[in-house]
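The file final33.cif comes next; it holds mmCIF, C-alpha atoms and all ligand atoms.
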```cif
data_model
loop_
_atom_site.label_atom_id
_atom_site.label_comp_id
_atom_site.auth_asym_id
_atom_site.auth_seq_id
_atom_site.Cartn_x
_atom_site.Cartn_y
_atom_site.Cartn_z
CA MET A 127 112.00 113.23 143.72
CA ALA A 128 112.20 109.59 144.67
CA ALA A 129 114.67 107.52 142.63
CA LEU A 130 111.90 105.36 141.19
CA GLU A 131 109.89 108.39 140.11
CA LYS A 132 112.93 109.95 138.46
CA MET A 133 113.72 106.77 136.57
CA PHE A 134 110.27 106.60 134.96
CA ASP A 135 109.69 110.35 134.65
CA VAL A 136 107.83 111.25 131.44
CA ARG A 137 106.19 114.42 132.76
CA GLY A 138 105.86 117.17 130.16
CA LYS A 139 106.99 114.99 127.25
CA SER A 140 105.26 115.67 123.94
CA VAL A 141 104.00 112.30 122.75
CA ILE A 142 102.21 111.01 119.63
CA VAL A 143 100.45 107.65 119.49
CA THR A 144 99.15 106.46 116.11
CA GLY A 145 96.14 104.17 116.30
CA GLY A 146 95.62 105.26 119.89
CA ALA A 147 91.82 105.20 119.91
CA SER A 148 91.72 101.47 120.65
CA GLY A 149 93.59 98.50 122.04
CA ILE A 150 97.34 98.60 122.49
CA GLY A 151 97.68 102.21 121.28
CA ARG A 152 95.10 103.36 123.76
CA ALA A 153 97.09 101.68 126.54
CA TYR A 154 100.24 103.50 125.41
CA ALA A 155 98.37 106.82 125.43
CA GLU A 156 96.93 106.14 128.89
CA ILE A 157 100.19 105.20 130.60
CA MET A 158 101.96 108.23 129.17
CA ALA A 159 99.15 110.69 129.89
CA GLU A 160 98.46 109.50 133.42
CA ASN A 161 102.13 110.00 134.19
CA GLY A 162 102.07 113.61 133.03
CA ALA A 163 102.97 113.50 129.33
CA LYS A 164 101.15 115.62 126.74
CA VAL A 165 99.63 113.07 124.38
CA CYS A 166 98.25 113.51 120.89
CA ILE A 167 96.39 110.51 119.49
CA PHE A 168 96.22 110.05 115.71
CA ASP A 169 93.44 107.74 114.56
CA ILE A 170 91.27 107.20 111.49
CA ASP A 171 88.23 106.37 113.64
CA ARG A 172 86.77 109.81 114.31
CA ASP A 173 84.07 108.68 116.74
CA GLY A 174 86.36 106.34 118.68
CA LEU A 175 88.97 109.07 118.86
CA ALA A 176 86.51 111.66 120.19
CA ARG A 177 85.25 109.19 122.82
CA VAL A 178 88.71 108.16 124.02
CA VAL A 179 90.00 111.74 124.14
CA ALA A 180 86.91 112.79 126.14
CA GLU A 181 87.43 109.90 128.60
CA MET A 182 91.09 110.75 129.09
CA THR A 183 90.65 114.50 129.43
CA ALA A 184 87.94 113.80 132.03
CA GLN A 185 90.76 112.29 134.13
CA GLY A 186 92.50 115.65 134.00
CA TRP A 187 95.14 114.36 131.56
CA ASP A 188 96.63 116.47 128.75
CA VAL A 189 95.29 114.51 125.77
CA TRP A 190 93.99 115.60 122.39
CA GLY A 191 93.36 113.91 119.08
CA GLN A 192 93.74 114.37 115.36
CA ALA A 193 91.64 112.36 112.93
CA VAL A 194 94.30 111.26 110.50
CA ASP A 195 94.89 108.26 108.26
CA VAL A 196 98.48 107.10 108.75
CA SER A 197 98.69 106.23 105.05
CA ASP A 198 97.90 109.82 104.04
CA ARG A 199 101.38 111.33 103.80
CA PRO A 200 100.49 115.05 103.51
CA ALA A 201 97.97 114.67 106.38
CA MET A 202 100.59 112.96 108.53
CA ALA A 203 103.14 115.72 107.93
CA ALA A 204 100.55 118.35 108.84
CA ALA A 205 99.46 116.46 111.96
CA PHE A 206 103.05 116.18 113.22
CA ASP A 207 103.57 119.90 112.57
CA ALA A 208 100.41 120.68 114.53
CA VAL A 209 101.73 118.77 117.57
CA ALA A 210 105.07 120.60 117.37
CA ALA A 211 103.25 123.92 117.06
CA ARG A 212 101.12 123.15 120.14
CA ASN A 213 103.82 121.69 122.40
CA GLY A 214 106.97 123.29 120.97
CA ARG A 215 108.53 119.88 120.31
CA ILE A 216 107.97 116.16 119.79
CA ASP A 217 109.77 113.80 122.18
CA THR A 218 108.22 110.36 121.90
CA VAL A 219 106.36 108.68 119.05
CA PHE A 220 104.54 105.37 119.16
CA ALA A 221 104.17 104.07 115.58
CA ASN A 222 101.39 101.70 116.48
CA ALA A 223 98.51 101.81 114.00
CA GLY A 224 98.15 98.53 112.14
CA ILE A 225 95.47 96.38 110.60
CA ASP A 226 94.46 92.84 109.86
CA PRO A 227 94.46 92.95 106.05
CA GLY A 228 91.85 90.18 105.77
CA PRO A 229 91.49 86.45 106.17
CA GLY A 230 94.55 84.23 105.91
CA PHE A 231 95.67 80.74 106.79
CA ASN A 232 95.17 80.41 110.54
CA THR A 233 98.26 78.58 111.72
CA VAL A 234 96.96 78.24 115.26
CA THR A 235 93.56 76.66 114.61
CA GLY A 236 94.45 75.26 111.16
CA GLU A 237 91.41 77.03 109.68
CA ARG A 238 91.60 77.57 105.91
CA ASN A 239 89.35 80.41 104.78
CA PRO A 240 89.13 80.14 100.95
CA ASP A 241 89.09 83.95 100.72
CA GLY A 242 92.53 83.98 102.33
CA ALA A 243 94.09 81.40 100.01
CA ILE A 244 97.00 83.05 98.18
CA GLU A 245 95.44 82.66 94.72
CA ASN A 246 92.25 84.39 95.88
CA ILE A 247 93.70 87.38 97.74
CA PRO A 248 92.68 90.60 95.98
CA ASP A 249 95.84 92.55 95.14
CA GLU A 250 94.38 95.66 96.77
CA GLN A 251 94.13 93.71 100.04
CA TRP A 252 97.82 92.79 99.88
CA ASP A 253 98.75 96.39 99.04
CA ARG A 254 96.66 97.80 101.90
CA GLY A 255 98.26 95.37 104.37
CA ILE A 256 101.76 96.43 103.35
CA GLU A 257 100.74 100.09 103.30
CA LEU A 258 99.23 100.10 106.79
CA ASN A 259 101.60 97.71 108.54
CA LEU A 260 104.89 98.76 106.93
CA THR A 261 104.87 101.89 104.77
CA SER A 262 102.90 103.90 107.33
CA VAL A 263 105.55 103.04 109.93
CA TYR A 264 108.12 104.56 107.56
CA THR A 265 105.95 107.68 107.18
CA THR A 266 105.54 107.96 110.96
CA VAL A 267 109.25 107.52 111.69
CA LYS A 268 110.20 109.98 108.95
CA ASN A 269 108.00 112.70 110.43
CA ALA A 270 109.15 111.90 113.96
CA VAL A 271 112.81 112.26 112.99
CA ARG A 272 112.16 115.50 111.12
CA HIS A 273 111.10 116.98 114.46
CA MET A 274 113.41 115.08 116.84
CA LYS A 275 116.75 115.74 115.13
CA PRO A 276 116.72 119.51 115.69
CA ASN A 277 115.80 118.87 119.36
CA GLY A 278 118.76 116.57 119.90
CA GLY A 279 116.89 113.32 120.45
CA GLY A 280 113.76 111.35 121.19
CA GLU A 281 112.26 107.91 121.41
CA ILE A 282 110.43 105.97 118.71
CA ILE A 283 108.55 102.84 119.70
CA VAL A 284 107.08 100.70 116.93
CA THR A 285 104.44 98.03 117.51
CA SER A 286 105.54 94.95 115.60
CA SER A 287 104.29 91.43 116.47
CA ILE A 288 105.58 87.97 117.28
CA ALA A 289 104.04 87.14 113.90
CA SER A 290 107.15 88.85 112.48
CA MET A 291 109.21 85.92 113.72
CA ILE A 292 106.96 82.92 113.43
CA ASN A 293 103.98 81.67 111.44
CA GLU A 294 101.56 82.40 114.23
CA SER A 295 98.62 84.38 113.07
CA ILE A 296 94.90 84.66 112.62
CA VAL A 297 95.37 87.60 110.29
CA GLY A 298 95.91 88.01 106.55
CA THR A 299 98.97 86.85 104.61
CA SER A 300 100.64 90.25 104.08
CA TYR A 301 100.69 90.88 107.85
CA MET A 302 103.61 88.56 108.64
CA PRO A 303 106.05 89.83 105.97
CA ALA A 304 105.09 93.45 106.74
CA LYS A 305 105.88 93.01 110.44
CA ALA A 306 109.11 91.13 109.65
CA ALA A 307 110.18 94.09 107.50
CA VAL A 308 109.22 96.46 110.32
CA ASN A 309 111.69 94.67 112.62
CA HIS A 310 114.52 95.14 110.17
CA PHE A 311 113.52 98.75 109.58
CA VAL A 312 113.63 99.40 113.34
CA ARG A 313 117.12 97.94 113.63
CA HIS A 314 118.32 99.94 110.64
CA MET A 315 116.79 103.16 111.99
CA ALA A 316 118.43 102.55 115.37
CA MET A 317 121.80 102.46 113.57
CA GLU A 318 121.12 105.57 111.54
CA LEU A 319 119.65 107.61 114.38
CA GLY A 320 121.68 106.65 117.46
CA ALA A 321 124.20 109.39 116.68
CA TYR A 322 121.37 111.93 116.95
CA GLY A 323 120.17 110.76 120.37
CA ILE A 324 117.12 109.06 118.89
CA ARG A 325 116.37 105.59 120.23
CA VAL A 326 114.27 103.25 118.10
CA ASN A 327 112.77 100.05 119.50
CA ALA A 328 110.02 97.60 118.63
CA ILE A 329 107.50 95.95 120.91
CA LEU A 330 106.49 92.49 119.64
CA PRO A 331 103.20 91.55 121.29
CA GLY A 332 101.79 88.07 121.22
CA PRO A 333 97.99 87.74 121.23
CA PHE A 334 96.27 90.59 123.05
CA ILE A 335 92.55 91.12 123.34
CA THR A 336 91.80 94.21 121.23
CA ASN A 337 89.58 95.09 118.29
CA ILE A 338 92.02 93.79 115.67
CA ALA A 339 90.75 91.00 113.41
CA GLY A 340 87.19 91.98 114.35
CA GLY A 341 87.93 91.41 118.03
CA ARG A 342 88.23 87.74 117.22
CA LEU A 343 90.31 86.85 120.25
CA ARG A 344 87.21 87.50 122.34
CA ASN A 345 85.59 84.41 120.75
CA LYS A 346 85.77 81.43 123.06
CA ALA A 347 87.28 78.96 120.57
CA ASP A 348 89.90 81.34 119.15
CA ARG A 349 90.81 82.50 122.61
CA ALA A 350 91.22 78.95 123.89
CA ALA A 351 93.49 78.07 120.95
CA PHE A 352 95.81 80.95 121.76
CA GLU A 353 95.62 80.45 125.52
CA SER A 354 96.85 76.91 125.06
CA GLN A 355 100.06 78.33 123.54
CA SER A 356 100.76 80.69 126.41
CA LEU A 357 103.16 79.49 129.10
CA ILE A 358 101.14 81.28 131.76
CA GLY A 359 97.72 80.10 130.64
CA ARG A 360 96.31 83.36 129.38
CA ILE A 361 96.56 85.82 126.51
CA GLY A 362 97.38 89.49 126.89
CA ASP A 363 95.24 92.26 128.28
CA VAL A 364 96.28 95.73 127.10
CA GLU A 365 97.10 96.62 130.71
CA ASP A 366 99.98 94.15 130.40
CA ILE A 367 101.79 96.32 127.86
CA LYS A 368 101.81 99.58 129.82
CA GLY A 369 104.93 98.88 131.89
CA LEU A 370 107.02 98.10 128.81
CA ALA A 371 105.80 101.21 127.01
CA LEU A 372 106.69 103.39 130.00
CA LEU A 373 110.10 101.75 130.31
CA LEU A 374 111.02 102.39 126.68
CA ALA A 375 109.81 106.00 126.77
CA SER A 376 111.49 106.96 130.08
CA PRO A 377 115.04 107.46 131.40
CA ALA A 378 114.88 103.86 132.69
CA GLY A 379 114.96 102.74 129.05
CA SER A 380 117.88 104.94 128.00
CA PHE A 381 120.14 102.01 126.98
CA PHE A 382 117.56 100.32 124.77
CA THR A 383 117.88 100.90 121.06
CA GLY A 384 117.44 98.57 118.11
CA SER A 385 115.76 96.13 120.48
CA LEU A 386 112.93 93.84 119.41
CA ILE A 387 111.16 93.13 122.68
CA VAL A 388 108.74 90.21 122.85
CA ILE A 389 105.80 90.42 125.25
CA ASP A 390 103.62 87.35 124.81
CA GLY A 391 103.20 85.26 127.94
CA GLY A 392 105.81 82.89 126.54
CA SER A 393 103.94 81.82 123.39
CA LEU A 394 106.99 82.32 121.16
CA THR A 395 109.12 80.31 123.54
CA ARG A 396 106.70 77.42 123.33
CA MET A 397 106.61 77.56 119.54
CA THR A 398 110.32 77.85 118.79
P1 LIG B 401 92.95 97.76 117.39
O1 LIG B 401 92.19 97.46 116.15
O2 LIG B 401 92.26 97.57 118.70
O3 LIG B 401 93.57 99.22 117.32
C1 LIG B 401 94.12 99.73 116.13
C2 LIG B 401 93.81 101.21 116.02
O4 LIG B 401 94.42 101.70 114.82
C3 LIG B 401 92.31 101.51 115.91
O5 LIG B 401 91.95 102.56 116.78
C4 LIG B 401 92.14 101.91 114.46
O6 LIG B 401 91.07 102.82 114.24
C5 LIG B 401 93.48 102.53 114.16
N1 LIG B 401 93.76 102.57 112.72
C6 LIG B 401 93.51 101.59 111.81
N2 LIG B 401 93.82 102.02 110.58
C7 LIG B 401 94.28 103.28 110.71
C8 LIG B 401 94.75 104.26 109.80
N3 LIG B 401 94.79 104.02 108.48
N4 LIG B 401 95.16 105.46 110.27
C9 LIG B 401 95.08 105.72 111.61
N5 LIG B 401 94.64 104.84 112.52
C10 LIG B 401 94.25 103.64 112.08
O7 LIG B 401 94.22 96.80 117.29
P2 LIG B 401 95.49 96.56 118.23
O8 LIG B 401 95.57 95.11 118.44
O9 LIG B 401 95.52 97.47 119.39
O10 LIG B 401 96.65 96.93 117.20
C11 LIG B 401 97.66 97.89 117.49
C12 LIG B 401 98.98 97.37 116.95
O11 LIG B 401 99.34 96.19 117.66
C13 LIG B 401 98.96 96.99 115.47
O12 LIG B 401 100.15 97.42 114.84
C14 LIG B 401 98.92 95.47 115.51
O13 LIG B 401 99.46 94.87 114.37
C15 LIG B 401 99.76 95.21 116.74
N6 LIG B 401 99.63 93.87 117.34
C16 LIG B 401 98.45 93.48 117.91
C17 LIG B 401 98.36 92.22 118.47
C18 LIG B 401 97.10 91.72 119.13
O14 LIG B 401 96.99 90.52 119.41
N7 LIG B 401 96.15 92.58 119.43
C19 LIG B 401 99.46 91.36 118.45
C20 LIG B 401 100.63 91.78 117.85
C21 LIG B 401 100.71 93.05 117.31
#
```
Rendering of file as structure tokens:
Amino acid sequence: MAALEKMFDVRGKSVIVTGGASGIGRAYAEIMAENGAKVCIFDIDRDGLARVVAEMTAQGWDVWGQAVDVSDRPAMAAAFDAVAARNGRIDTVFANAGIDPGPGFNTVTGERNPDGAIENIPDEQWDRGIELNLTSVYTTVKNAVRHMKPNGGGEIIVTSSIASMINESIVGTSYMPAKAAVNHFVRHMAMELGAYGIRVNAILPGPFITNIAGGRLRNKADRAAFESQSLIGRIGDVEDIKGLALLLASPAGSFFTGSLIVIDGGSLTRMT
């Protein structure tokens, strides 16, 4: 095998991607599956999941899906067990599912949606944002570790955001503190789990065109506002994230753990 191929070899790995029916998670699933991993996508969107799995299996890739809500703890435990039963093990987990909890103060355009003003935020909206963007990451990591420890190791890759580090967001107020907490959780997990051969890292994307926030970054004005912050004049396409995902999940990434890796076309550099 060529040295390059060996370095990025993920063939036969048993992989889970949460929120893999769309956007960044779909890109993670694609890059792993097209390089020979066995990928199970967890997603709440049944129709989207069925469509994406059909498209990927049509490529001849080993991909299947489970319709699961990452905030449903018993369902998550059962879904992890089903992957282990099918593949004999779980090697790599992308804790990726996340949501825009609702309107907030848009620090990029300066837009103030009254529904997103702190005194008007419904408490359930705050709770759901923390549940989906933080607590579900805990649930995902917990189940991953339950299966990885007996196997002697694995890789966990969490999708955080540059919004964890800076007030740069078009999403709701609970998003930023949830992602900031995710970063700290990742670093703490890396400390706890390194001794067991489990590497834990976070990817911090800047703005990427996906379906989050109602696909808002596809709007001309919003897109232009974010493009003006990029150092390379554009915002992210999900294809841009595939190389980093493969690196972190492969032997080439074996010395990364506890890392918070920014991928944003330089937006954070401009803003800090
Ligand atoms: P997306 O909306 O395109 O994809 C998110 C996927 O998660 C969807 O398929 C959705 O159905 C699924 N999902 C939502 N709630 C779920 C639940 N309860 N259980 C299971 N699946 C659920 O969005 P995306 O931009 O690809 O977001 C992926 C991750 O990237 C999120 O954690 C998000 O915070 C993060 N992120 C995105 C950007 C960006 O600009 N797109 C930037 C920084 C971080």
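When atom CA of Ile367 of chain A is paired with atom CA of Asn327 of chain A, their separation reads 14.3 Å.
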#### Entry: Residues near segment 351-366 of chain A, cut-off 12 Å, all atoms listed in the file, skip fewer than 4 positions along chain, as a ChimeraX atom specification
/A:146,148-157,232-237,294-296,331-337,342-347,370-372,389-398
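Shortest atom-to-atom contact with ligand LIG 401 (chain B) among A:Ile225, A:Val209, A:Cys166, A:Met202: A:Ile225, counting all atoms listed in the file.
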### Query
Which one is closest to Arg272 of chain A: A:Ala203, A:Leu330, A:Ala316, A:Ala221? Count all atoms listed in the file.
A:Ala203
### Query
Leaving out segment 173-186 of chain A and any residue of its chain fewer than 4 positions from it, which residues lie within 9 Å of it when counting all atoms listed in the file, given as an MDAnalysis selection string?
chainID A and resid 146:148 152 156 159:160 167:169 190:193
Write out as JSON lines the residues of segment 292-331 of chain A that have any atom within 12 Å of an atom of segment 279-285 of chain A, one row each with the nearest atom pair and its distance in Å to one decimal, counting all atoms listed in the file, sorted by chain and then rising number.
```
{"residue": "A:Ala304", "atom": "CA", "partner": "A:Thr285", "partner_atom": "CA", "distance": 11.7}
{"residue": "A:Lys305", "atom": "CA", "partner": "A:Thr285", "partner_atom": "CA", "distance": 8.8}
{"residue": "A:Ala306", "atom": "CA", "partner": "A:Thr285", "partner_atom": "CA", "distance": 11.5}
{"residue": "A:Ala307", "atom": "CA", "partner": "A:Val284", "partner_atom": "CA", "distance": 11.9}
{"residue": "A:Val308", "atom": "CA", "partner": "A:Val284", "partner_atom": "CA", "distance": 8.1}
{"residue": "A:Asn309", "atom": "CA", "partner": "A:Val284", "partner_atom": "CA", "distance": 8.7}
{"residue": "A:His310", "atom": "CA", "partner": "A:Val284", "partner_atom": "CA", "distance": 11.5}
{"residue": "A:Phe311", "atom": "CA", "partner": "A:Val284", "partner_atom": "CA", "distance": 10.0}
{"residue": "A:Val312", "atom": "CA", "partner": "A:Val284", "partner_atom": "CA", "distance": 7.6}
{"residue": "A:Arg313", "atom": "CA", "partner": "A:Val284", "partner_atom": "CA", "distance": 10.9}
{"residue": "A:Met315", "atom": "CA", "partner": "A:Ile282", "partner_atom": "CA", "distance": 9.7}
{"residue": "A:Ala316", "atom": "CA", "partner": "A:Ile282", "partner_atom": "CA", "distance": 9.3}
{"residue": "A:Leu319", "atom": "CA", "partner": "A:Gly279", "partner_atom": "CA", "distance": 8.8}
{"residue": "A:Gly320", "atom": "CA", "partner": "A:Gly279", "partner_atom": "CA", "distance": 8.7}
{"residue": "A:Ala321", "atom": "CA", "partner": "A:Gly279", "partner_atom": "CA", "distance": 9.1}
{"residue": "A:Tyr322", "atom": "CA", "partner": "A:Gly279", "partner_atom": "CA", "distance": 5.9}
{"residue": "A:Gly323", "atom": "CA", "partner": "A:Gly279", "partner_atom": "CA", "distance": 4.2}
{"residue": "A:Ile324", "atom": "CA", "partner": "A:Gly279", "partner_atom": "CA", "distance": 4.5}
{"residue": "A:Arg325", "atom": "CA", "partner": "A:Glu281", "partner_atom": "CA", "distance": 4.9}
{"residue": "A:Val326", "atom": "CA", "partner": "A:Ile282", "partner_atom": "CA", "distance": 4.7}
{"residue": "A:Asn327", "atom": "CA", "partner": "A:Ile283", "partner_atom": "CA", "distance": 5.1}
{"residue": "A:Ala328", "atom": "CA", "partner": "A:Val284", "partner_atom": "CA", "distance": 4.6}
{"residue": "A:Ile329", "atom": "CA", "partner": "A:Thr285", "partner_atom": "CA", "distance": 5.0}
{"residue": "A:Leu330", "atom": "CA", "partner": "A:Thr285", "partner_atom": "CA", "distance": 6.3}
{"residue": "A:Pro331", "atom": "CA", "partner": "A:Thr285", "partner_atom": "CA", "distance": 7.6}
```
### Task
Quote the spacing between atom CA of Phe231 of chain A and atom CA of Ser197 of chain A in Å to one decimal place.
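Distance between the two atoms: 25.7 Å.
Of the listed residues A:Asn213, A:Ser287, A:Asn239, A:Asn161, the one whose atoms come nearest to ligand LIG 401 (chain B) is A:Ser287, with distances taken using all atoms listed in the file.
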List the spatial neighbours of segment 241-243 of chain A as a compact mmCIF listing (two decimals) with C-alpha atoms, in the coordinates of the input - criterion: any atom at most 9 Å away, all atoms listed in the file, same-chain residues fewer than 6 positions off excluded.
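Here's the written file selection07.txt:
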```txt
# COMPACT_ATOMS: atom_id res chain seq x y z
CA GLY A 228 91.85 90.18 105.77
CA PRO A 229 91.49 86.45 106.17
CA GLY A 230 94.55 84.23 105.91
CA PHE A 231 95.67 80.74 106.79
CA GLY A 298 95.91 88.01 106.55
CA THR A 299 98.97 86.85 104.61
```
### Task
Identify which of the residues A:Asp207, A:Glu318, A:Asp226, A:Asp348 lies closest to ligand LIG 401 (chain B), counting only C-alpha atoms and all ligand atoms when measuring atom-to-atom distances.
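Using only C-alpha atoms and all ligand atoms, the shortest distance to ligand LIG 401 (chain B) belongs to A:Asp226.
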### Query
Quick one: distance from atom CA of Pro240 of chain A to atom CA of Ser286 of chain A in Å, one decimal?
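Taking atom CA of Pro240 of chain A and atom CA of Ser286 of chain A, their separation equals 26.5 Å.
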### Query
Which residues, written as a PyMOL selection string, have at least one atom at most 7 Å from Ser376 of chain A, with all atoms listed in the file counted and residues fewer than 6 positions away on the same chain left out?
chain A and resi 133-136
### Task
Go through A:Leu374, A:Val143, A:Ile247, A:Met158 and flag the residue nearest ligand LIG 401 (chain B), using all atoms listed in the file for the distances.
A:Val143
